[in-house]
Each structure stands twice: as structure tokens, then as C-alpha cells.
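Okay, model.cif is below, mmCIF, C-alpha atoms:
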data_structure
loop_
_atom_site.label_atom_id
_atom_site.label_comp_id
_atom_site.auth_asym_id
_atom_site.auth_seq_id
_atom_site.Cartn_x
_atom_site.Cartn_y
_atom_site.Cartn_z
CA MET A 1 -35.13 -58.33 87.57
CA SER A 2 -37.84 -56.27 89.26
CA ASP A 3 -39.52 -57.71 92.39
CA LEU A 4 -42.65 -55.60 91.80
CA LYS A 5 -45.78 -57.73 91.50
CA ARG A 6 -47.83 -57.12 88.37
CA ALA A 7 -51.24 -55.65 89.26
CA THR A 8 -54.24 -57.92 88.72
CA ILE A 9 -57.88 -57.20 88.03
CA SER A 10 -58.57 -58.04 91.68
CA ASP A 11 -56.10 -55.36 92.76
CA VAL A 12 -57.88 -52.83 90.55
CA ALA A 13 -61.27 -53.81 91.97
CA GLN A 14 -60.02 -53.49 95.56
CA HIS A 15 -58.33 -50.14 94.86
CA ALA A 16 -61.47 -48.74 93.19
CA GLY A 17 -63.83 -50.23 95.77
CA VAL A 18 -65.89 -52.08 93.17
CA SER A 19 -66.42 -55.67 92.08
CA ARG A 20 -64.23 -57.59 89.63
CA ALA A 21 -67.26 -57.78 87.30
CA ALA A 22 -67.54 -53.99 87.32
CA VAL A 23 -63.85 -53.63 86.40
CA SER A 24 -64.30 -56.15 83.61
CA LYS A 25 -67.27 -54.24 82.21
CA VAL A 26 -65.29 -50.99 82.17
CA LEU A 27 -62.29 -52.64 80.49
CA ARG A 28 -64.55 -54.20 77.85
CA GLY A 29 -66.38 -50.95 77.16
CA ALA A 30 -69.62 -52.76 77.93
CA TYR A 31 -72.98 -51.03 77.72
CA GLY A 32 -74.54 -49.62 80.91
CA VAL A 33 -71.41 -48.46 82.79
CA SER A 34 -71.90 -45.08 84.47
CA GLY A 35 -69.47 -42.25 83.92
CA THR A 36 -68.60 -42.21 87.62
CA MET A 37 -67.83 -45.93 87.64
CA LYS A 38 -65.75 -45.66 84.50
CA ALA A 39 -63.72 -42.76 85.91
CA ARG A 40 -63.11 -44.57 89.23
CA VAL A 41 -61.90 -47.76 87.57
CA GLU A 42 -59.73 -45.93 85.04
CA ALA A 43 -58.11 -43.94 87.85
CA SER A 44 -57.24 -47.18 89.67
CA VAL A 45 -55.90 -48.72 86.46
CA ASP A 46 -53.59 -45.73 86.01
CA ALA A 47 -52.55 -45.65 89.67
CA LEU A 48 -51.63 -49.34 89.73
CA GLY A 49 -50.21 -49.50 86.23
CA TYR A 50 -52.57 -52.37 85.43
CA ARG A 51 -52.13 -54.01 82.04
CA PRO A 52 -54.41 -56.93 81.10
CA SER A 53 -52.72 -60.16 80.09
CA ALA A 54 -53.56 -60.86 76.45
CA LEU A 55 -53.09 -64.59 77.02
CA ALA A 56 -55.41 -64.63 80.02
CA ARG A 57 -58.02 -62.59 78.21
CA GLY A 58 -57.88 -64.99 75.28
CA MET A 59 -58.35 -67.99 77.57
CA ARG A 60 -61.40 -66.29 79.12
CA GLY A 61 -62.87 -65.84 75.65
CA SER A 62 -61.73 -62.33 74.70
CA SER A 63 -58.25 -61.21 73.69
CA PHE A 64 -59.27 -57.68 72.67
CA THR A 65 -57.41 -58.13 69.41
CA LEU A 66 -58.58 -57.82 65.81
CA GLY A 67 -56.92 -59.47 62.82
CA VAL A 68 -56.73 -57.49 59.59
CA PHE A 69 -56.02 -59.41 56.40
CA VAL A 70 -54.80 -57.57 53.31
CA VAL A 71 -53.53 -58.82 49.96
CA ASP A 72 -51.40 -55.90 48.80
CA LEU A 73 -49.78 -53.46 51.22
CA LYS A 74 -47.93 -51.71 48.38
CA ASN A 75 -51.23 -50.06 47.44
CA THR A 76 -51.27 -47.17 49.91
CA PHE A 77 -55.08 -47.05 49.89
CA MET A 78 -54.84 -50.13 52.13
CA SER A 79 -52.95 -48.01 54.65
CA VAL A 80 -55.81 -45.48 54.67
CA LEU A 81 -58.33 -48.25 55.39
CA ILE A 82 -56.09 -49.65 58.15
CA ASP A 83 -55.70 -46.20 59.73
CA GLY A 84 -59.49 -45.98 59.97
CA ILE A 85 -59.69 -49.49 61.43
CA ARG A 86 -57.01 -48.75 64.02
CA ALA A 87 -58.57 -45.47 65.15
CA GLU A 88 -61.98 -47.05 65.75
CA ALA A 89 -60.54 -50.24 67.28
CA ASP A 90 -58.45 -48.22 69.71
CA SER A 91 -61.53 -46.34 70.90
CA HIS A 92 -63.03 -49.70 71.92
CA GLY A 93 -59.85 -51.01 73.57
CA TYR A 94 -58.85 -53.39 70.77
CA GLN A 95 -55.40 -53.90 69.30
CA VAL A 96 -54.99 -54.50 65.57
CA PHE A 97 -52.68 -57.08 64.01
CA ILE A 98 -52.06 -57.15 60.27
CA GLY A 99 -51.40 -60.14 58.05
CA GLN A 100 -50.56 -60.05 54.35
CA ALA A 101 -50.96 -62.82 51.77
CA GLU A 102 -49.89 -62.01 48.23
CA ARG A 103 -49.51 -65.58 47.03
CA GLY A 104 -53.16 -66.53 46.79
CA LEU A 105 -56.02 -68.35 48.49
CA ALA A 106 -53.94 -71.02 50.23
CA GLN A 107 -51.77 -68.41 51.93
CA GLN A 108 -54.88 -66.44 52.87
CA GLN A 109 -56.43 -69.50 54.48
CA ALA A 110 -53.24 -70.15 56.45
CA MET A 111 -53.17 -66.52 57.61
CA VAL A 112 -56.81 -66.56 58.73
CA GLU A 113 -56.26 -69.84 60.59
CA ALA A 114 -53.22 -68.35 62.34
CA MET A 115 -55.31 -65.37 63.47
CA THR A 116 -58.15 -67.53 64.81
CA ASP A 117 -55.68 -69.92 66.49
CA ARG A 118 -54.32 -66.92 68.39
CA LYS A 119 -57.82 -66.20 69.75
CA MET A 120 -58.33 -62.93 67.88
CA ASP A 121 -61.85 -61.73 68.61
CA GLY A 122 -62.73 -60.57 65.08
CA LEU A 123 -61.43 -60.43 61.53
CA LEU A 124 -61.46 -57.67 58.94
CA LEU A 125 -60.70 -58.99 55.46
CA ILE A 126 -59.71 -56.35 52.89
CA ALA A 127 -60.51 -57.46 49.32
CA PRO A 128 -59.95 -61.14 50.15
CA PHE A 129 -59.59 -64.02 47.72
CA GLY A 130 -62.05 -66.88 47.50
CA SER A 131 -65.69 -67.64 46.83
CA LEU A 132 -68.68 -66.46 48.83
CA GLU A 133 -68.77 -69.95 50.38
CA ASP A 134 -65.18 -69.49 51.60
CA LEU A 135 -66.12 -66.18 53.24
CA GLU A 136 -69.28 -67.63 54.79
CA ALA A 137 -67.20 -70.42 56.36
CA ILE A 138 -64.94 -67.84 58.02
CA GLY A 139 -67.90 -65.76 59.18
CA ARG A 140 -69.61 -68.74 60.80
CA THR A 141 -66.66 -69.32 63.14
CA THR A 142 -65.37 -65.76 63.83
CA PRO A 143 -67.02 -62.31 63.80
CA THR A 144 -66.01 -61.03 60.37
CA VAL A 145 -66.32 -57.92 58.21
CA VAL A 146 -65.29 -57.96 54.55
CA LEU A 147 -64.14 -54.69 52.96
CA GLY A 148 -64.11 -54.02 49.23
CA ARG A 149 -66.31 -56.88 48.07
CA GLN A 150 -69.99 -56.23 47.42
CA GLY A 151 -72.53 -57.79 49.77
CA PRO A 152 -74.68 -59.07 51.16
CA GLY A 153 -73.20 -61.86 53.21
CA LYS A 154 -75.16 -64.13 55.53
CA SER A 155 -72.57 -64.76 58.24
CA TYR A 156 -70.45 -61.63 57.84
CA ASP A 157 -70.85 -57.89 57.27
CA THR A 158 -69.64 -55.98 54.22
CA VAL A 159 -68.36 -52.45 53.66
CA ALA A 160 -67.69 -51.44 50.07
CA SER A 161 -67.68 -48.48 47.74
CA ASP A 162 -70.34 -48.24 45.04
CA ASP A 163 -67.91 -49.22 42.28
CA LEU A 164 -70.62 -49.21 39.61
CA LEU A 165 -71.23 -45.55 40.39
CA GLY A 166 -67.51 -44.77 40.66
CA SER A 167 -66.75 -46.13 37.19
CA GLY A 168 -69.76 -44.28 35.84
CA LEU A 169 -68.44 -41.01 37.26
CA ILE A 170 -65.14 -41.56 35.44
CA VAL A 171 -66.67 -42.38 32.06
CA ASP A 172 -69.23 -39.57 32.27
CA HIS A 173 -66.46 -37.07 33.13
CA LEU A 174 -64.32 -38.15 30.20
CA VAL A 175 -67.26 -38.18 27.79
CA ALA A 176 -68.22 -34.66 28.91
CA LEU A 177 -64.70 -33.56 27.97
CA GLY A 178 -65.22 -35.03 24.49
CA HIS A 179 -63.51 -38.43 24.79
CA ARG A 180 -64.83 -41.46 22.94
CA HIS A 181 -61.84 -43.82 22.84
CA ILE A 182 -61.70 -44.65 26.56
CA ALA A 183 -59.88 -47.77 27.77
CA HIS A 184 -60.26 -49.52 31.11
CA LEU A 185 -57.60 -51.50 32.99
CA MET A 186 -59.03 -54.57 34.72
CA HIS A 187 -57.16 -56.50 37.38
CA VAL A 188 -56.51 -60.18 36.70
CA GLY A 189 -54.38 -61.90 39.34
CA LYS A 190 -53.35 -65.36 40.45
CA GLU A 191 -56.78 -66.31 41.75
CA MET A 192 -60.01 -66.41 39.77
CA ASN A 193 -62.02 -63.19 39.92
CA GLN A 194 -65.37 -63.44 41.71
CA PRO A 195 -68.38 -61.37 40.54
CA ASP A 196 -68.45 -59.29 43.75
CA MET A 197 -64.79 -58.28 43.62
CA PRO A 198 -63.97 -54.60 42.91
CA GLN A 199 -62.13 -55.39 39.67
CA GLU A 200 -65.23 -57.10 38.29
CA VAL A 201 -67.68 -54.46 39.50
CA ARG A 202 -65.58 -51.52 38.25
CA ALA A 203 -65.25 -53.18 34.85
CA GLN A 204 -69.00 -53.72 34.74
CA GLY A 205 -69.58 -50.09 35.72
CA TYR A 206 -67.27 -48.97 32.93
CA LYS A 207 -69.09 -51.07 30.35
CA GLU A 208 -72.52 -49.91 31.48
CA ALA A 209 -71.43 -46.26 31.38
CA MET A 210 -69.94 -46.64 27.90
CA ILE A 211 -73.20 -48.19 26.65
CA ARG A 212 -75.24 -45.47 28.37
CA ASN A 213 -73.17 -42.84 26.54
CA GLY A 214 -73.64 -44.56 23.16
CA LEU A 215 -70.06 -45.88 23.07
CA GLU A 216 -70.70 -49.62 23.10
CA LYS A 217 -68.43 -50.16 20.08
CA GLU A 218 -65.60 -48.30 21.84
CA ILE A 219 -65.47 -50.59 24.88
CA ASP A 220 -61.80 -51.48 25.43
CA VAL A 221 -60.91 -53.60 28.50
CA ILE A 222 -57.21 -54.34 29.00
CA GLU A 223 -56.31 -57.07 31.49
CA THR A 224 -53.36 -56.36 33.76
CA ARG A 225 -52.44 -56.23 37.46
CA TRP A 226 -53.62 -53.39 39.67
CA SER A 227 -50.12 -52.30 40.58
CA TYR A 228 -47.56 -49.74 39.45
CA GLU A 229 -45.87 -52.38 37.30
CA GLY A 230 -49.20 -53.52 35.87
CA GLY A 231 -50.07 -49.97 34.89
CA GLN A 232 -46.71 -49.49 33.24
CA ALA A 233 -47.15 -52.69 31.23
CA ALA A 234 -50.67 -51.68 30.17
CA GLY A 235 -49.41 -48.25 29.15
CA GLU A 236 -46.75 -49.83 26.97
CA GLU A 237 -49.37 -52.13 25.44
CA MET A 238 -51.57 -49.17 24.50
CA LEU A 239 -48.59 -47.28 23.08
CA ALA A 240 -47.74 -50.25 20.85
CA ARG A 241 -51.10 -50.06 19.09
CA GLU A 242 -51.70 -48.37 15.77
CA ALA A 243 -54.41 -46.24 17.35
CA LEU A 244 -53.85 -45.06 20.91
CA PRO A 245 -56.98 -44.40 23.04
CA THR A 246 -57.37 -40.82 24.20
CA ALA A 247 -58.10 -41.68 27.86
CA VAL A 248 -57.97 -44.49 30.39
CA HIS A 249 -59.89 -45.49 33.53
CA ALA A 250 -56.92 -47.12 35.24
CA GLY A 251 -58.80 -49.00 37.99
CA THR A 252 -56.59 -47.75 40.87
CA ASP A 253 -54.28 -44.83 41.50
CA MET A 254 -51.21 -47.06 41.68
CA THR A 255 -52.04 -48.45 38.24
CA ALA A 256 -52.56 -44.92 36.94
CA PHE A 257 -49.09 -43.94 38.15
CA GLY A 258 -47.62 -46.80 36.12
CA VAL A 259 -49.54 -45.68 33.01
CA MET A 260 -48.27 -42.12 33.45
CA THR A 261 -44.70 -43.40 33.71
CA ALA A 262 -45.01 -45.34 30.45
CA LEU A 263 -46.53 -42.33 28.69
CA SER A 264 -43.82 -40.01 29.97
CA ALA A 265 -41.09 -42.37 28.76
CA ALA A 266 -42.67 -42.32 25.29
CA GLY A 267 -42.92 -38.53 25.27
CA VAL A 268 -46.73 -38.50 25.49
CA SER A 269 -48.05 -35.53 27.45
CA VAL A 270 -50.73 -35.91 30.17
CA PRO A 271 -53.35 -34.48 29.77
CA LYS A 272 -52.60 -32.66 26.51
CA GLU A 273 -52.27 -35.86 24.50
CA PHE A 274 -53.77 -38.46 26.86
CA SER A 275 -56.08 -38.29 29.90
CA VAL A 276 -55.63 -40.58 32.91
CA VAL A 277 -58.08 -41.25 35.76
CA GLY A 278 -57.29 -43.28 38.87
CA TYR A 279 -59.41 -44.77 41.64
CA ASP A 280 -58.83 -44.45 45.43
CA ASN A 281 -57.63 -40.82 45.70
CA ILE A 282 -54.56 -41.70 47.75
CA LEU A 283 -52.43 -38.86 49.10
CA ALA A 284 -49.87 -39.03 46.28
CA SER A 285 -52.63 -38.31 43.75
CA SER A 286 -53.03 -34.80 45.14
CA LEU A 287 -49.34 -33.88 44.86
CA PRO A 288 -48.91 -30.96 42.40
CA SER A 289 -46.42 -32.92 40.29
CA ILE A 290 -49.02 -35.69 39.77
CA ALA A 291 -52.44 -33.99 40.12
CA LEU A 292 -54.33 -37.18 39.24
CA THR A 293 -58.08 -37.10 38.68
CA SER A 294 -59.38 -39.90 40.88
CA VAL A 295 -62.40 -41.44 42.59
CA ASP A 296 -62.49 -40.88 46.36
CA GLN A 297 -63.97 -43.75 48.40
CA SER A 298 -63.61 -42.15 51.86
CA GLY A 299 -61.19 -44.89 52.86
CA PHE A 300 -60.63 -43.79 56.47
CA GLU A 301 -64.38 -43.71 57.09
CA MET A 302 -64.78 -47.13 55.46
CA GLY A 303 -62.13 -48.60 57.75
CA SER A 304 -63.64 -46.96 60.83
CA LEU A 305 -67.11 -48.26 59.97
CA ALA A 306 -65.79 -51.78 59.39
CA ALA A 307 -64.09 -51.82 62.80
CA ARG A 308 -67.27 -50.58 64.48
CA LEU A 309 -69.27 -53.34 62.79
CA VAL A 310 -66.88 -56.10 63.84
CA VAL A 311 -66.98 -54.88 67.45
CA GLU A 312 -70.79 -55.01 67.30
CA ARG A 313 -70.56 -58.61 66.07
CA ILE A 314 -68.15 -59.48 68.88
CA GLN A 315 -70.65 -58.02 71.35
CA GLY A 316 -73.41 -60.26 70.03
CA ARG A 317 -75.08 -58.81 66.95
CA GLN A 318 -75.84 -61.59 64.44
CA ASP A 319 -77.87 -59.90 61.70
CA ALA A 320 -75.70 -59.22 58.65
CA VAL A 321 -75.11 -55.58 57.72
CA THR A 322 -74.32 -54.45 54.16
CA THR A 323 -72.96 -50.93 53.69
CA ILE A 324 -72.32 -49.24 50.36
CA VAL A 325 -70.35 -45.98 50.40
CA SER A 326 -71.08 -43.45 47.65
CA PRO A 327 -67.83 -42.31 45.97
CA THR A 328 -67.05 -38.89 44.52
CA LEU A 329 -64.86 -37.84 41.62
CA VAL A 330 -62.00 -35.45 42.42
CA VAL A 331 -61.05 -33.66 39.20
CA ARG A 332 -57.44 -32.54 38.88
CA GLU A 333 -55.02 -31.84 36.04
CA SER A 334 -54.60 -35.32 34.51
CA THR A 335 -57.76 -35.00 32.40
CA ALA A 336 -58.58 -32.56 29.60
CA GLN A 337 -60.25 -32.44 26.22
CA PRO A 338 -58.96 -35.10 23.80
CA ARG A 339 -56.19 -34.32 21.35
CA ALA A 340 -57.51 -32.85 18.11
CA SER A 341 -55.84 -35.33 15.76
CA GLY A 342 -54.04 -38.66 15.65
CA LEU A 343 -50.95 -39.03 17.83
CA SER A 344 -47.67 -39.92 16.16
CA LEU A 345 -45.13 -41.73 18.33
CA ASP A 346 -42.38 -41.72 15.72
#
Whole structure, C-alpha cells version:
Amino acid sequence: MSDLKRATISDVAQHAGVSRAAVSKVLRGAYGVSGTMKARVEASVDALGYRPSALARGMRGSSFTLGVFVVDLKNTFMSVLIDGIRAEADSHGYQVFIGQAERGLAQQQAMVEAMTDRKMDGLLLIAPFGSLEDLEAIGRTTPTVVLGRQGPGKSYDTVASDDLLGSGLIVDHLVALGHRHIAHLMHVGKEMNQPDMPQEVRAQGYKEAMIRNGLEKEIDVIETRWSYEGGQAAGEEMLAREALPTAVHAGTDMTAFGVMTALSAAGVSVPKEFSVVGYDNILASSLPSIALTSVDQSGFEMGSLAARLVVERIQGRQDAVTTIVSPTLVVRESTAQPRASGLSLD
């Protein structure tokens, strides 16, 4: 066992020739620290190998940790959001810890309680379960930012894509190609959908765009799970019909991949016989073998913004901030003009 004494904040202050308060301000990234002071303290930190004790920081009121809650890590768009969160958090000296809860609201509540019990300074909740009242209760006790759900909140900030616009971009693109029989896959999970959740808003955007394009009678919402397996099941359901739609707004890229698998197994060509559009524009969507038309939400930037907002809340801001990101449609090879005649699957 090493006999070397672990450097303390007092050691850093003495080495740098400054006060403990000055060292603390530099370590916290506090406002008003001069460049010269910052450089002097950081040089002493490096020279002494100083590493703050997370436990001690937590007892003093700041652990410099952020808790990130996510429902589904299998959706790789979540990884893009988390990458943005981590990059911004790191620039402010915060570590990020991730918790997942697939089994519903009770597991989410237990996860959030575990994060707050461990003195995490702020929470970032990605598409969480629960009512607005549930989210307000969390925000009243811990600086919180909610990603994916539409705002505004009173006790927490929100960062979300304009899902009404995103769905409209999809429908308008397909209609411009000549499609009329356009289906939409809507997520229905274990917990009750809330009006501000992305699955509800994207479905509403789809319906409004269909009506705007004179296709009210063609509205076709299929309930499934936003997952690869959910997309595959929805694809098989559409294939079992007498009349197959000519295109689908799949809700997410992962769901779109499942649809494409079901179509391929049935010998249906994309896009020659059926057009598929995803949502999220994850990396796999751009692979030449997939080339999925998809809505891009600027996920890294959304994550980075959310982390910046939660740090502002930790530093004292109390006014709620609501941010809506404008999405764009990335057109690739999974969409084309509709097939000229009925499709036979015999």
C-alpha cells in the first residue's frame, strides 16, 4: 500500500498561493475567475495530482455528478443524446451516470430516488414516463431537464424536437411523391401515453398533415412498440391486409428497420413497392445498404443544450426554459413514387 498522502484542496491552495475559496471557484467553473487564476490553480492541481473526493463534495452540497435517466438504450438515438450530454457536462467538470428503467413508472421512480440519494447535482430525463405532476415533483427537489417531451414545465426545463413539424415533413414528402395510402406507427407501451410525449405528438402531426393534404379518409394509425421487434410486427400486420399501404411513417428509425425486415422476408421491394420513412436519423440509417429517409433532430446538439441548461439550474437559475429544435428531413433511397398497381403477395 502506498504511503503517499492524497493531496487536499488546502494543499492546492498553498501550492498555488491562493485561498481555498479561490481553488473551489476554479474547480466549480464559477463565474468571475480570471484566466491567470485559473491557470495557476490548474497547474497546482496537475503538479500535486489532486483529485476531489466525490463523497466530500456531495456532503458539502455538490458532487459534480449528473444523473441521466433513459427508458430504452437499444434505440441508438439515445446514445447520440447521451454523447451530447457527456461532452457538455465534461466541459463544466461534471461526471455523468446513466440509469435505465424499461419496466415502467415504478422502476423510474426508484431510479430517480437512487440518483438523488447519491447526491447527484442534477437530473436529465430522456422521454420519461409519468404525468406532468410527476415531473414537477422531481423538478421541485432537484435541478431537472426533460428531453423529448414537449414543454413548458414550471419546475424543470425541456428540450424537444418539433415533432408536429417532423411528422408534417414526412407526410408532405410522401404526398409530393404521389402517395395517398400512408400509414403511421404509433408507440403504445406499458405506461399510459401522455399528451406531451413524442409518440402522441408525432401521431398528431401525422394526422394534421394528412388532413392538410386532403387525405383525412386515408388516416391509418397502427399501434405497436417503437422498437425493431415492434416494427417487424407492424410490418407483418400490414402485409396481412387485403390492401397494403404504399408508404409508412414508422415513428423511429429502429421501428423502420423492423418494417424493412418484414417487407424483405415477404419479397416486397423498398422503395419500388413500398416506401419507408424513419425518425431520428441514427448512423445506421445512412449506411448504403439501408439508406433510410429519416427526420434528423440534431440529437448531439439537443443533449449538449440539455446539459448546459441543467448546469445553469444547478448554479441558481430558477426560471423555466422551453426549447424546441426544428427538425429536417434527410431524403435517401427508401422512398420513391408509389407502385403503379395493386401489390400481389401470392
At a cut-off of 12 Å, using all atoms listed in the file, what residues contact Asn193 (chain A)? Leave out same-chain residues fewer than 3 positions from it and give the result as a list in words.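 What passes the distance filter is Gly104, Leu105, Ala127, Pro128, Phe129, Gly130, Ser131, Leu132, Arg149, Met186, His187, Val188, Gly189, Lys190, Asp196, Met197, Pro198, Gln199, Glu200, Val201, Ala203 and Glu223 of chain A.
Using only C-alpha atoms, the smallest distance between any of A:Asn75, A:Asn213, A:Asp172, A:Ala89 and Ala284 (chain A) comes from A:Asn75.
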Quick one: which residues end up in the PyMOL selection byres ((chain A and resi 279) around 9) for this structure, as a PyMOL selection string? chain A and resi 166-167+249-256+277-278+280-282+293-297+329
Residues selected by the PyMOL selection byres ((chain A and resi 173) around 12), written as a PyMOL selection string: chain A and resi 166-172+174-180+182+206+209-210+213+247-249+275-277+293-295+328-332+335-337
Quick one: distance from CA of Met302 (chain A) to CA of Val68 (chain A) in Å, one decimal?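 CA of Met302 (chain A) sits 13.8 Å away from CA of Val68 (chain A).
Take CA of Pro245 (chain A) and CA of Gly148 (chain A): the distance between them is 28.8 Å.
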Excluding Ile324 (chain A) and residues on its chain fewer than 3 positions from it, collect all residues at most 9 Å away from it, counting all atoms listed in the file, and give them as a list in words. Gln150, Gly151, Thr158, Val159, Ala160, Ser161 and Asp162 of chain A
I'd like to know which of A:Glu333, A:Glu218, A:Asp117, A:Glu242 is closest to Ser286 (chain A), using only C-alpha atoms.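 Residue with the minimum atom-to-atom distance to Ser286 (chain A): A:Glu333.
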Using only C-alpha atoms, determine which residues lie at most 8 Å from Ala262 (chain A), disregarding the query and same-chain residues fewer than 5 positions distant; provide the list as a PDB file with C-alpha atoms, in the coordinates of the input.
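So the final result, stored in result_33.pdb, reads:
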ATOM      1  CA  GLN A 232     -46.710 -49.490  33.240  1.00  0.00           C
ATOM      2  CA  ALA A 233     -47.150 -52.690  31.230  1.00  0.00           C
ATOM      3  CA  GLY A 235     -49.410 -48.250  29.150  1.00  0.00           C
ATOM      4  CA  GLU A 236     -46.750 -49.830  26.970  1.00  0.00           C
TER       5      GLU A 236
END
Pick the closest to Leu164 (chain A) from A:Glu88, A:Glu136, A:Glu208, A:Glu42: which is it, counting only C-alpha atoms? A:Glu208
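Here CA of Arg308 (chain A) stands at a distance of 18.1 Å from CA of Lys154 (chain A).
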Of the listed residues A:Phe97, A:Tyr156, A:Tyr228, A:Phe77, that which approaches Ser63 (chain A) most closely, counting all atoms listed in the file: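 Answer, going by the shortest atom-to-atom distance: A:Phe97.
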Would you please work out which residue, of A:Ser79, A:Ser19, A:Gln315, A:Ser10, is nearest to Tyr50 (chain A) when using only C-alpha atoms?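 Looking only at the distances to Tyr50 (chain A), the closest residue turns out to be A:Ser10.
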N, CA, C and O atoms are needed for region 143-162 of chain A; please write them out as a compact mmCIF listing (two decimals), in the coordinates of the input.
# COMPACT_ATOMS: atom_id res chain seq x y z
N PRO A 143 -66.41 -63.57 64.26
CA PRO A 143 -67.02 -62.31 63.80
C PRO A 143 -66.16 -61.67 62.71
O PRO A 143 -64.98 -61.42 62.91
N THR A 144 -66.78 -61.42 61.56
CA THR A 144 -66.01 -61.03 60.37
C THR A 144 -66.69 -59.89 59.63
O THR A 144 -67.92 -59.88 59.48
N VAL A 145 -65.86 -58.96 59.13
CA VAL A 145 -66.32 -57.92 58.21
C VAL A 145 -65.42 -57.96 56.99
O VAL A 145 -64.20 -58.01 57.10
N VAL A 146 -66.02 -57.94 55.81
CA VAL A 146 -65.29 -57.96 54.55
C VAL A 146 -65.35 -56.57 53.92
O VAL A 146 -66.45 -56.01 53.73
N LEU A 147 -64.20 -56.00 53.61
CA LEU A 147 -64.14 -54.69 52.96
C LEU A 147 -63.81 -54.86 51.49
O LEU A 147 -62.97 -55.68 51.12
N GLY A 148 -64.47 -54.06 50.64
CA GLY A 148 -64.11 -54.02 49.23
C GLY A 148 -64.98 -54.89 48.34
O GLY A 148 -65.19 -54.55 47.18
N ARG A 149 -65.46 -56.00 48.86
CA ARG A 149 -66.31 -56.88 48.07
C ARG A 149 -67.78 -56.57 48.36
O ARG A 149 -68.16 -56.30 49.49
N GLN A 150 -68.58 -56.60 47.30
CA GLN A 150 -69.99 -56.23 47.42
C GLN A 150 -70.76 -57.30 48.20
O GLN A 150 -70.49 -58.49 48.07
N GLY A 151 -71.71 -56.88 48.99
CA GLY A 151 -72.53 -57.79 49.77
C GLY A 151 -73.81 -58.16 49.02
O GLY A 151 -73.94 -57.86 47.84
N PRO A 152 -74.74 -58.79 49.73
CA PRO A 152 -74.68 -59.07 51.16
C PRO A 152 -74.07 -60.43 51.47
O PRO A 152 -74.05 -61.31 50.62
N GLY A 153 -73.58 -60.56 52.70
CA GLY A 153 -73.20 -61.86 53.21
C GLY A 153 -74.28 -62.34 54.17
O GLY A 153 -75.16 -61.58 54.56
N LYS A 154 -74.22 -63.58 54.55
CA LYS A 154 -75.16 -64.13 55.53
C LYS A 154 -74.53 -64.19 56.92
O LYS A 154 -75.18 -63.90 57.92
N SER A 155 -73.26 -64.55 56.96
CA SER A 155 -72.57 -64.76 58.24
C SER A 155 -71.51 -63.69 58.50
O SER A 155 -70.77 -63.81 59.47
N TYR A 156 -71.45 -62.69 57.67
CA TYR A 156 -70.45 -61.63 57.84
C TYR A 156 -71.03 -60.32 57.32
O TYR A 156 -72.01 -60.30 56.56
N ASP A 157 -70.44 -59.21 57.74
CA ASP A 157 -70.85 -57.89 57.27
C ASP A 157 -69.96 -57.46 56.12
O ASP A 157 -68.84 -57.96 55.95
N THR A 158 -70.43 -56.51 55.33
CA THR A 158 -69.64 -55.98 54.22
C THR A 158 -69.64 -54.46 54.23
O THR A 158 -70.64 -53.83 54.58
N VAL A 159 -68.50 -53.89 53.86
CA VAL A 159 -68.36 -52.45 53.66
C VAL A 159 -67.65 -52.27 52.33
O VAL A 159 -66.53 -52.76 52.15
N ALA A 160 -68.28 -51.60 51.39
CA ALA A 160 -67.69 -51.44 50.07
C ALA A 160 -68.11 -50.12 49.45
O ALA A 160 -69.14 -49.55 49.83
N SER A 161 -67.32 -49.66 48.52
CA SER A 161 -67.68 -48.48 47.74
C SER A 161 -68.63 -48.90 46.62
O SER A 161 -68.60 -50.05 46.16
N ASP A 162 -69.46 -47.99 46.18
CA ASP A 162 -70.34 -48.24 45.04
C ASP A 162 -69.49 -48.13 43.77
O ASP A 162 -69.41 -47.09 43.14
